[in-house]
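Read the structure below first, then the notes.
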Amino acid sequence: MDPAHQGSSIVLLLYIFMLAAFIGFEVIRRVSPLLHTPLMSLTNAISAIAVVGAIGLAGKAETTFSTILGTVAVTASMINIVGGYLITYRMLRMFKKKEQIKK
Amino acid sequence: MDPAHQGSSIVLLLYIFMLAAFIGFEVIRRVSPLLHTPLMSLTNAISAIAVVGAIGLAGKAETTFSTILGTVAVTASMINIVGGYLITYRMLRMFKKKEQIKK
Amino acid sequence: MNELIRDVCYLAAAASFILALKWLSAVPTARRGVLIGVAGMVLAVSGTLIQKEIVEYKWIVIAFVLGTVVGVPLANIPMTAVPQRTALSHAFGALAAALVGTAEYYLKATKFTHFELSALALEVVLGFLTFTASLMAFGKLQELIPTRPITYKNQNIVNLGVLAAAIICSVLLVLDPTKSYLFPIIAGLALTFGVMLIVPIGGADMPTVISLLNSYAGLAASAMGFVLDNKLLIIAGALDGASGLILSIIMCKAMNRSFTNVLFGAFGQVQTASSGEVEQRTVRSATAEEAASFLEAASSVMVIPGYGMAVAQAQHKVRELFDVLQKKGVEMRFAIHPVAGRMPGHMNVLLAEADIPYDKLLEMEDANSDLPQVDVALVIGANDVTNPAARHDKNSPIYGMPIIDVDKARTVMVIKRSMNPGFAGVENELYFEPQTLMLFGDAKSFVSDLVKELSGGGGH
Amino acid sequence: MNELIRDVCYLAAAASFILALKWLSAVPTARRGVLIGVAGMVLAVSGTLIQKEIVEYKWIVIAFVLGTVVGVPLANIPMTAVPQRTALSHAFGALAAALVGTAEYYLKATKFTHFELSALALEVVLGFLTFTASLMAFGKLQELIPTRPITYKNQNIVNLGVLAAAIICSVLLVLDPTKSYLFPIIAGLALTFGVMLIVPIGGADMPTVISLLNSYAGLAASAMGFVLDNKLLIIAGALDGASGLILSIIMCKAMNRSFTNVLFGAFGQVQTASSGEVEQRTVRSATAEEAASFLEAASSVMVIPGYGMAVAQAQHKVRELFDVLQKKGVEMRFAIHPVAGRMPGHMNVLLAEADIPYDKLLEMEDANSDLPQVDVALVIGANDVTNPAARHDKNSPIYGMPIIDVDKARTVMVIKRSMNPGFAGVENELYFEPQTLMLFGDAKSFVSDLVKELSGGGGH
Ligand SMILES: NC(=O)c1ccc[n+]([C@@H]2O[C@H](COP(=O)([O-])OP(=O)(O)OC[C@H]3O[C@@H](n4cnc5c(N)ncnc54)[C@H](OP(=O)(O)O)[C@@H]3O)[C@@H](O)[C@H]2O)c1
Ligand SMILES: NC(=O)c1ccc[n+]([C@@H]2O[C@H](COP(=O)([O-])OP(=O)(O)OC[C@H]3O[C@@H](n4cnc5c(N)ncnc54)[C@H](OP(=O)(O)O)[C@@H]3O)[C@@H](O)[C@H]2O)c1
């Protein structure tokens with residue numbers, strides 16, 4: 001962990017953050033207003049990516065404290081993953097064109 | 001340069017490449033056909049970013065060989081930078097709306 | 001080897017999330033977007049599970065089961081409850097980020113660099129404040145706690161004080177990571193600030209706030225990525241952060257409120273309507289029978305749905321109205337204001353739930369260019385988004401907000417329960433226009449009366 | 001410290017390049033895009049110059065001066081020469097990447113990891129092949145070397161053999177970096193492959209190839225980024241790579257040719273026109289005077305410019321025609337086919353150069369929906385992009401290519417020098433339609449005759 005390497009690593013992470021934020025703005029600006037509610041629930045599901053950090057805690061079994069916190073965090077994220085994707089899909093199934101409804 | 005660090009660094013660079021390529025596709029797909037020729041000359045100028053590597057060679061003065069190659073590379077890139085931006089700007093100055101031409 | 005697989009999984013997951021959002025941007029590809037989003041999450045979770053540091057799977061499995069058991073019912077709530085559901089799940093997401101940050105701190109406080117510790121402090125502060133703020137928002141939307149804004153003198157100064165205290169403690173902690181007694185203080189201050197942030201905000205302003213909280217939850221995840229050196233977290237968090245920010249900006253624009261105004265807590269200030277002239281004006285009201293005859297005679301009807309339709313759960317009745325009018329050859333379309341209802345896209349999902357084809361839903365600009373040719377504009381539980389004062393009354397709190405120009409239609413009919421104002425608290429001068437008919441009643445029962453009249457009439 | 005400044009400069013430069021491309025997407029913001037692109041380059045160069053490894057500025061300054069002295073005149077070429085200029089500058093860009101790669105190899109061959117060496121090999125191969133390929137493309141476009149495709153038996157196999165040899169040598173070099181004798185072989189093979197790649201391709205197919213070469217040059221820069229661990233190079237290179245690829249895809253689509261077809265060298269095969277029936281058909285031709293009277297009588301004229309207008313440099317005369325018709329109250333607009341001319345957007349720049357307002361330039365779809373209402377369609381030096389055979393003749397080599405439906409206009413007038421076919425080598429059945437008048441002559445002189453007739457006529 002020499003400082004030089006740390007420095008370069010931070011810069012790399014900042015690059016990634018900048019690029020991802022730019023993509024986020026570009027892509028989301030183009031989401032049709034029709035789909036803003038599904039968008040909210042989808043990003044909600046995606047933000048449950050914190051599960052990755054939480055699994056690490058719950059599975060490394062380092063201290064009781066960290067295991068408990070990790071387990072709670074995994075549960076909370078899992079609620080969002082399951083709930084978020086399901087409700088988004090459910091909403092999208094509702095959007096039909098005229099012909100599709102006729103069928 | 002332990003292999004673990006190298007590995008992670010490659011992955012980071014791949015992330016950056018992926019994100020940048022995605023941005024490239026998204027952004028350029030939306031360039032109006034009207035502007036495709038200026039687009040070609042602008043990307044041409046931007047690709048002269050190789051100048052960054054070339055300056056390193058020409059300035060580090062490690063061997064005569066590398067200095068010569070570096071100097072040629074800086075010259076070649078500089079031609080593209082100067083020529084590319086100028087011609088793009090020149091083309092864009094030509095695009096005028098009716099009112100602007102009247103003035 | 002496991003590391004390599006994980007890295008590849010994470011890279012693919014990041015790409016999947018980006019594609020998910022990209023495909024969500026239009027209806028035909030939207031479902032594919034959700035599926036690839038799921039794939040991304042599966043990749044991310046699998047890549048994590050195979051790491052050799054993971055030695056104990058028991059708690060993970062228990063948490064997965066628990067999460068699924070709670071998550072599935074949360075996905076099957078009625079569409080009208082979507083705003084509070086979103087608030088609740090922001091609370092979960094933020095809690096997860098905050099707890100991970102807390103555990104990481106206690107595990108290896110002294111091993112972090114200054115930069116990592118700063119990111120960790122940001123993660124914890126954002127996580128905890130978003131947690132309580134989202135819970136409060138949930139409470140207000142679900143009407144578990146009073147929805148009206150609670151304000152007191154110097155509120156903004158007190159709030160900023162709490163936030164400043166949290167930041168100062170964080171800075172001290174970063175400078176000296178061994179001062180672990182500071183950590184609970186930071187967490188406590190952030191939790192308190194979350195509550196105080198929402199107290200002065202009225203229930204109706206929640207959607208903008210929820211969207212901002214979404215942004216904060218995303219940023220907390222991104223910060224976690226900086227702490228754990230995890231690019232996937234950074235990317236997913238940044239995507240969320242951007243999404244929340246953009247949606248709140250869109251909402252602010254549609255309400256013609258500046259973003260800084262929203263960011264700095266000026267929302268929640270009760271907007272007192274300028275009731276200078278208490279002039280007594282008359283309104284015309286009509287019965288379901290009369291209204292039905294107007295609809296029957298029309299060749300084109302534009303429905304403007306609003307918050308009232310959502311509250312009354314009237315969308316299915318509206319669908320029946322749509323069917324019966326269609327049978328009679330009357331064209332019925334819908335004009336969707338970007339902030340009608342209580343969250344962006346609220347009306348779209350409700351109407352889609354009731355199987356209204358989405359090509360009948362017009363965006364505001366298209367609706368406005370068609371309205372002068374429309375015979376009947378039928379406003380169902382909308383109010384502010386139709387108020388012509390937004391166009392010309394410089395003193396109105398909603399002045400400048402883009403509205404649906406219902407007053408341009410030949411006849412306007414408004415279904416609502418009373419003359420009470422809507423969210424913005426201002427009287428709607430539309431109701432006093434000569435071409436306007438008020439249809440007093442609950443949206444659901446009134447529309448169902450209309451349907452009865454029309455099908456009765458059709459049966460003659 | 002210097003490193004930190006450099007890192008910040010690079011990050012800002014990367015952001016600037018992204019914004020530059022984003023702003024270039026529409027005319028009102030396009031100029032701002034160029035300016036921020038310049039700012040990005042200045043940042044990148046400054047950040048590099050302040051590094052303490054840079055001990056010798058002499059050669060850098062000389063190179064800057066030299067580059068500027070050559071670059072400025074290259075920016076002031078006539079617009080018709082833009083395709084060859086682009087080819088030439090791809091050659092410079094690719095050369096720079098290849099030379100840097102070469103020098104890096106000889107400086108520290110054994111210090112690279114396998115991954116870095118692979119990236120270096122990719123950079124050198126792409127760089128050198130793009131260098132000679134671009135020079136060849138330049139030569140063909142500038143007509144310094146014969147433009148016609150030169151083909152021989154088993155050409156594709158020979159070409160692929162050379163490429164394969166280069167790849168095998170690269171793999172061997174990566175496995176054992178000390179085998180430095182392999183390096184010149186790789187460079188030589190890549191240089192040869194670049195030439196051989198272009199030999200079988202006709203001058204007219206160059207634009208697609210140039211665009212692909214743009215993509216390769218970008219990828220070479222990206223590969224250099226992987227070698228030097230420089231994110232800015234990776235990002236800028238990836239942006240370029242994407243841009244070149246997209247433009248070639250757009251061209252392929254507009255010519256209805258599959259992308260794989262272009263990638264695998266099937267272009268260049270001389271398309272022999274299906275001249276089954278040698279039936280003698282008649283064409284009607286007209287003089288400038290007759291043509292002028294048609295234009296004068298029209299109320300709307302649509303001009304379809306093509307490669308011939310570019311060759312004849314007729315755009316300024318067209319502008320005079322535009323003015324004189326406008327004075328007479330005749331509306332003149334332009335229908336721009338995506339691959340009219342010899343590079344994407346070719347016609348747009350030419351007409352813009354002649355000060356034609358860009359809101360008079362219609363894209364193909366818009367032009368096609370208007371053409372049935374147009375009185376006179378005036379084709380100036382365009383051929384393939386107007387050939388109705390593309391719509392119905394399954395045997396035509398251009399079948400399926402989207403075209404401008406000039407045959408839908410009331411009267412069609414075609415300015416060209418002869419009955420010779422255009423780039424695709426097929427006869428244009430448009431010329432035998434009853435409503436078509438051929439105006440034989442050089443585009444520039446014929447249009448100038450038209451202008452004379454019309455202003456003369458106006459003076460009566
Ligand atoms: N969508 C968003 O994202 C968002 C975000 C933040 C803020 N907002 C704000 O929310 C407002 C939305 O406008 P809006 O026109 O949809 O709603 P609104 O202005 O709040 O008006 C809703 C109307 O519905 C009526 N109503 C309530 N319950 C009813 C029932 N059961 N049956 C029939 N009518 C009923 C109410 O009148 P009665 O009480 O007389 O029945 C009320 O006037 C805007 O001011 C907007 O700025 C929206
Ligand atoms: N734009 C691109 O990006 C791009 C890329 C690759 C390929 N292409 C190909 O290029 C072609 C472009 O179509 P196009 O219609 O613009 O051109 P074209 O089909 O090549 O026809 C050009 C016509 O201009 C006439 N001409 C040449 N010099 C002239 C002069 N001095 N005065 C008057 N007329 C003159 C020629 O006829 P005469 O000899 O009888 O005068 C010729 O028929 C398409 O086939 C396209 O696929 C374009």
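Naming scheme: A, B, ... for chains in displayed order of the structure tokens; residues 1 onward per chain; ligands 1 onward as shown.
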
Worksheet entry | Residue neighbourhood Gly306 (chain D), 6 Å, only C-alpha atoms, exclusion window fewer than 2 positions, as a ChimeraX atom specification | /D:308-309,340-341,381-382

Can you write out the residues you just picked, keeping C-alpha atoms, as a short mmCIF file (atom, residue, chain, number, x, y, z; two decimals), in the first residue's frame?
data_model
loop_
_atom_site.label_atom_id
_atom_site.label_comp_id
_atom_site.auth_asym_id
_atom_site.auth_seq_id
_atom_site.Cartn_x
_atom_site.Cartn_y
_atom_site.Cartn_z
CA GLY D 308 -20.68 15.05 -59.47
CA MET D 309 -21.44 18.33 -57.76
CA ALA D 340 -24.27 10.93 -51.56
CA GLY D 341 -20.76 11.99 -52.46
CA GLY D 381 -24.22 14.99 -60.33
CA ALA D 382 -25.97 12.27 -58.36
#

Item to complete: Identify, on the basis of only C-alpha atoms, every residue whose closest approach to region 49-52 of chain A does not exceed 8 Å; exclude the query and any residue fewer than 2 positions from it along the same chain; express the result as a list of chain:residue names.
Response: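 Counting only the stated atoms, we get A:Ala45, A:Ile46, A:Ser47, A:Ala54, A:Ile55, A:Gly56, A:Ala73, A:Val74, A:Ser77, A:Met78, C:Met41, C:Ala44, C:Val45, C:Thr48, C:Gly93, C:Ala96, C:Ala97, C:Ala221, C:Met224, C:Leu233, C:Ala236.
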
Write a file of the selected residues as a short mmCIF file (atom, residue, chain, number, x, y, z; two decimals), in the first residue's frame, keeping all heavy atoms.
data_model
loop_
_atom_site.label_atom_id
_atom_site.label_comp_id
_atom_site.auth_asym_id
_atom_site.auth_seq_id
_atom_site.Cartn_x
_atom_site.Cartn_y
_atom_site.Cartn_z
N ALA A 45 -33.82 -1.41 -7.31
CA ALA A 45 -33.30 -2.78 -7.27
C ALA A 45 -31.80 -2.77 -7.51
O ALA A 45 -31.04 -3.47 -6.83
CB ALA A 45 -34.01 -3.63 -8.32
N ILE A 46 -31.35 -1.94 -8.47
CA ILE A 46 -29.92 -1.93 -8.77
C ILE A 46 -29.11 -1.39 -7.59
O ILE A 46 -28.02 -1.87 -7.31
CB ILE A 46 -29.66 -1.09 -10.05
CG1 ILE A 46 -30.24 -1.83 -11.26
CG2 ILE A 46 -28.18 -0.85 -10.25
CD1 ILE A 46 -30.06 -1.10 -12.57
N SER A 47 -29.70 -0.44 -6.86
CA SER A 47 -28.92 0.13 -5.76
C SER A 47 -28.73 -0.90 -4.65
O SER A 47 -27.91 -0.72 -3.77
CB SER A 47 -29.57 1.40 -5.23
OG SER A 47 -30.64 1.09 -4.38
N ALA A 54 -22.27 -6.55 1.68
CA ALA A 54 -22.91 -7.17 2.84
C ALA A 54 -22.60 -8.66 2.91
O ALA A 54 -22.32 -9.21 3.99
CB ALA A 54 -24.42 -6.94 2.76
N ILE A 55 -22.60 -9.35 1.77
CA ILE A 55 -22.28 -10.78 1.75
C ILE A 55 -20.88 -10.99 2.30
O ILE A 55 -20.64 -11.89 3.10
CB ILE A 55 -22.39 -11.33 0.32
CG1 ILE A 55 -23.85 -11.38 -0.12
CG2 ILE A 55 -21.80 -12.74 0.26
CD1 ILE A 55 -24.04 -11.90 -1.52
N GLY A 56 -19.97 -10.11 1.89
CA GLY A 56 -18.61 -10.22 2.39
C GLY A 56 -18.58 -10.24 3.91
O GLY A 56 -17.92 -11.06 4.53
N ALA A 73 -27.80 -6.49 6.74
CA ALA A 73 -27.61 -5.76 5.48
C ALA A 73 -27.96 -6.65 4.28
O ALA A 73 -28.59 -6.18 3.32
CB ALA A 73 -26.17 -5.27 5.37
N VAL A 74 -27.58 -7.92 4.33
CA VAL A 74 -27.95 -8.81 3.23
C VAL A 74 -29.47 -8.92 3.13
O VAL A 74 -30.05 -8.84 2.04
CB VAL A 74 -27.32 -10.22 3.41
CG1 VAL A 74 -27.81 -11.14 2.31
CG2 VAL A 74 -25.81 -10.14 3.37
N SER A 77 -30.90 -5.76 1.62
CA SER A 77 -30.64 -5.66 0.18
C SER A 77 -31.48 -6.66 -0.59
O SER A 77 -31.99 -6.36 -1.68
CB SER A 77 -29.17 -5.94 -0.10
OG SER A 77 -28.34 -5.18 0.71
N MET A 78 -31.60 -7.85 -0.02
CA MET A 78 -32.34 -8.91 -0.72
C MET A 78 -33.80 -8.49 -0.90
O MET A 78 -34.41 -8.77 -1.93
CB MET A 78 -32.23 -10.19 0.10
CG MET A 78 -32.48 -11.44 -0.70
SD MET A 78 -31.25 -11.60 -2.01
CE MET A 78 -32.11 -12.79 -3.05
N MET C 41 -27.48 -8.80 -11.50
CA MET C 41 -27.46 -9.00 -10.05
C MET C 41 -27.03 -10.42 -9.72
O MET C 41 -26.26 -10.65 -8.78
CB MET C 41 -28.86 -8.70 -9.50
CG MET C 41 -28.92 -8.49 -8.02
SD MET C 41 -27.76 -7.26 -7.40
CE MET C 41 -28.70 -5.75 -7.56
N ALA C 44 -23.36 -10.61 -10.07
CA ALA C 44 -22.66 -9.92 -8.99
C ALA C 44 -22.68 -10.78 -7.73
O ALA C 44 -21.65 -10.96 -7.06
CB ALA C 44 -23.33 -8.57 -8.72
N VAL C 45 -23.85 -11.35 -7.41
CA VAL C 45 -23.96 -12.14 -6.17
C VAL C 45 -23.13 -13.42 -6.31
O VAL C 45 -22.37 -13.78 -5.39
CB VAL C 45 -25.45 -12.46 -5.88
CG1 VAL C 45 -25.56 -13.48 -4.77
CG2 VAL C 45 -26.18 -11.18 -5.51
N THR C 48 -19.50 -12.88 -5.89
CA THR C 48 -19.11 -12.63 -4.50
C THR C 48 -19.10 -13.93 -3.70
O THR C 48 -18.22 -14.17 -2.88
CB THR C 48 -20.10 -11.64 -3.87
OG1 THR C 48 -20.29 -10.56 -4.76
CG2 THR C 48 -19.56 -11.11 -2.56
N GLY C 93 -32.23 0.03 1.41
CA GLY C 93 -30.97 0.14 0.68
C GLY C 93 -29.96 0.97 1.46
O GLY C 93 -28.79 0.58 1.61
N ALA C 96 -28.58 -0.90 4.50
CA ALA C 96 -27.55 -1.87 4.14
C ALA C 96 -26.20 -1.17 3.98
O ALA C 96 -25.19 -1.60 4.54
CB ALA C 96 -27.94 -2.60 2.86
N ALA C 97 -26.20 -0.05 3.24
CA ALA C 97 -24.93 0.65 3.03
C ALA C 97 -24.35 1.12 4.36
O ALA C 97 -23.16 0.95 4.64
CB ALA C 97 -25.14 1.84 2.08
N ALA C 221 -23.79 3.92 -1.95
CA ALA C 221 -23.25 2.68 -2.52
C ALA C 221 -21.95 2.96 -3.26
O ALA C 221 -20.99 2.19 -3.17
CB ALA C 221 -24.28 2.05 -3.46
N MET C 224 -19.24 3.30 -0.84
CA MET C 224 -18.83 1.98 -0.39
C MET C 224 -17.84 1.37 -1.39
O MET C 224 -16.87 0.71 -1.01
CB MET C 224 -20.05 1.07 -0.25
CG MET C 224 -19.75 -0.23 0.47
SD MET C 224 -21.00 -1.50 0.19
CE MET C 224 -22.38 -0.85 1.08
N LEU C 233 -19.62 -1.55 -7.49
CA LEU C 233 -20.39 -0.70 -6.58
C LEU C 233 -20.35 0.75 -7.03
O LEU C 233 -21.36 1.45 -7.00
CB LEU C 233 -19.82 -0.81 -5.17
CG LEU C 233 -20.30 -2.01 -4.36
CD1 LEU C 233 -19.50 -2.14 -3.08
CD2 LEU C 233 -21.77 -1.84 -4.03
N ALA C 236 -22.67 1.03 -10.24
CA ALA C 236 -24.10 0.91 -9.95
C ALA C 236 -24.56 2.10 -9.12
O ALA C 236 -25.63 2.68 -9.37
CB ALA C 236 -24.37 -0.40 -9.23
#

Discussion item. Ligand 1: which residues are within 6 Å, counting only C-alpha atoms and all ligand atoms? Reply as a VMD selection string.
Written reply: chain C and resid 204 to 205 207 to 208 251 255 306 to 308 311 to 312 339 to 344 381 to 385 415 to 424 442 to 443

Taking a cut-off of 10 Å and counting only C-alpha atoms, can you build a table that, for each residue of chain C near chain B, reports the nearest atom pair and how far apart they are in Å (one decimal), sorted by chain then residue number, as a tab-separated table?
residue	atom	partner	partner_atom	distance
C:Glu3	CA	B:Ser8	CA	9.2
C:Leu4	CA	B:Gly7	CA	8.1
C:Asp7	CA	B:Val11	CA	6.9
C:Val8	CA	B:Val11	CA	8.2
C:Tyr10	CA	B:Tyr15	CA	9.6
C:Leu11	CA	B:Tyr15	CA	6.6
C:Ala12	CA	B:Tyr15	CA	9.6
C:Ala14	CA	B:Tyr15	CA	8.6
C:Ala15	CA	B:Met18	CA	7.9
C:Ile18	CA	B:Phe22	CA	9.0
C:Leu19	CA	B:Phe22	CA	9.6
C:Lys22	CA	B:Glu26	CA	9.6
C:Asp229	CA	B:Ser8	CA	9.9
C:Asn230	CA	B:Leu12	CA	9.7
C:Lys231	CA	B:Leu12	CA	7.6
C:Leu232	CA	B:Tyr15	CA	9.2
C:Ile235	CA	B:Leu19	CA	9.5

Item to complete: Extract, using only C-alpha atoms, all DNA, RNA and protein residues at most 12 Å from Ile87 (chain A), discarding same-chain residues fewer than 4 positions from it, and format them as a ChimeraX atom specification.
Response: /A:37-45,79-83,91-94 /C:31,34,71-79,81-82,85-86,89,349

Worksheet item: Neighbours of Leu126 (chain C) within 8 Å (only C-alpha atoms; same-chain residues fewer than 2 positions away dropped), as a list in words?
Response: Ala94, Ala98, Leu122, Glu123, Val124, Phe128, Leu129, Thr130, Ala190, Tyr216, Ala217, Leu219 and Ala220 of chain C

Discussion item. Give me the residues near region 134-140 of chain D as a ChimeraX atom specification, where near means some atom within 9 Å (using only C-alpha atoms) and where sequence neighbours in that chain fewer than 5 positions away do not count.
Written reply: /D:83-92,94,129,145-148,194-195,198-199,202-204,206-207,209-210,213

Item to complete: Enumerate, as a ChimeraX atom specification, the complete set of residues in region 288-412 of chain D that a backbone-based DSSP assignment places in alpha helix (DSSP H).
Response: /D:288-297,307-312,315-327,346-353,364-370,389-392

Item to complete: Record the distance separating CA of Glu290 (chain C) and CA of Thr386 (chain C), expressed in Å with one decimal.
Response: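 Those two atoms sit 22.4 Å apart.
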
Worksheet entry | Long-range neighbours of region 394-402 of chain D as a list of chain:residue names, 8 Å cut-off, only C-alpha atoms, 2 positions minimum in chain |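 Listing them by chain and then by number gives D:Lys253, D:Ala254, D:Met255, D:Asn256, D:Gln271, D:Ala273, D:Ser274, D:Asp384, D:Val385, D:Ala389, D:Ala390, D:Arg391, D:His392, D:Ile404, D:Ala424, D:Val426.
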
Just write the chosen residues, C-alpha atoms, as a compact mmCIF listing (two decimals), in the first residue's frame.
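Now in part-v2.txt:
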# COMPACT_ATOMS: atom_id res chain seq x y z
CA LYS D 253 -26.64 0.46 -43.99
CA ALA D 254 -27.20 3.33 -46.38
CA MET D 255 -25.65 1.24 -49.16
CA ASN D 256 -27.54 -1.87 -48.05
CA GLN D 271 -19.89 -5.32 -59.70
CA ALA D 273 -24.07 -4.65 -64.21
CA SER D 274 -26.72 -7.13 -65.34
CA ASP D 384 -26.90 5.75 -57.71
CA VAL D 385 -28.75 7.46 -54.90
CA ALA D 389 -33.96 -0.07 -59.53
CA ALA D 390 -32.90 -0.15 -55.89
CA ARG D 391 -36.58 -0.38 -55.02
CA HIS D 392 -37.74 -3.17 -57.33
CA ILE D 404 -34.29 9.35 -52.86
CA ALA D 424 -22.06 1.21 -58.55
CA VAL D 426 -25.29 0.20 -63.04

Worksheet item: Interatomic distance between CA of Ser293 (chain D) and atom 27 (C, counted along the ligand's line) of ligand 2?
Response: 24.5 Å

Discussion item. Let me make sure I understand: among B:Gly24, B:Gly59, B:Pro33, B:Gly53, which one has the smallest atom-to-atom distance to ligand 2 if we use only C-alpha atoms and all ligand atoms?
Written reply: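 When distances to ligand 2 are compared using only C-alpha atoms and all ligand atoms, the smallest one comes from B:Pro33.
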
Worksheet item: Out of B:His36, B:Ala48, B:Thr88, B:Thr64, which residue has the shortest atom-to-atom distance to ligand 2 when counting only C-alpha atoms and all ligand atoms?
Response: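 Residue with the minimum atom-to-atom distance to ligand 2: B:His36.
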
Worksheet item: Of the residues D:Pro149, D:Pro200, D:Gly345, D:Gly244, which is the one nearest to ligand 2, using only C-alpha atoms and all ligand atoms?
Response: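 Once distances to ligand 2 are computed over only C-alpha atoms and all ligand atoms, the minimum belongs to D:Gly345.
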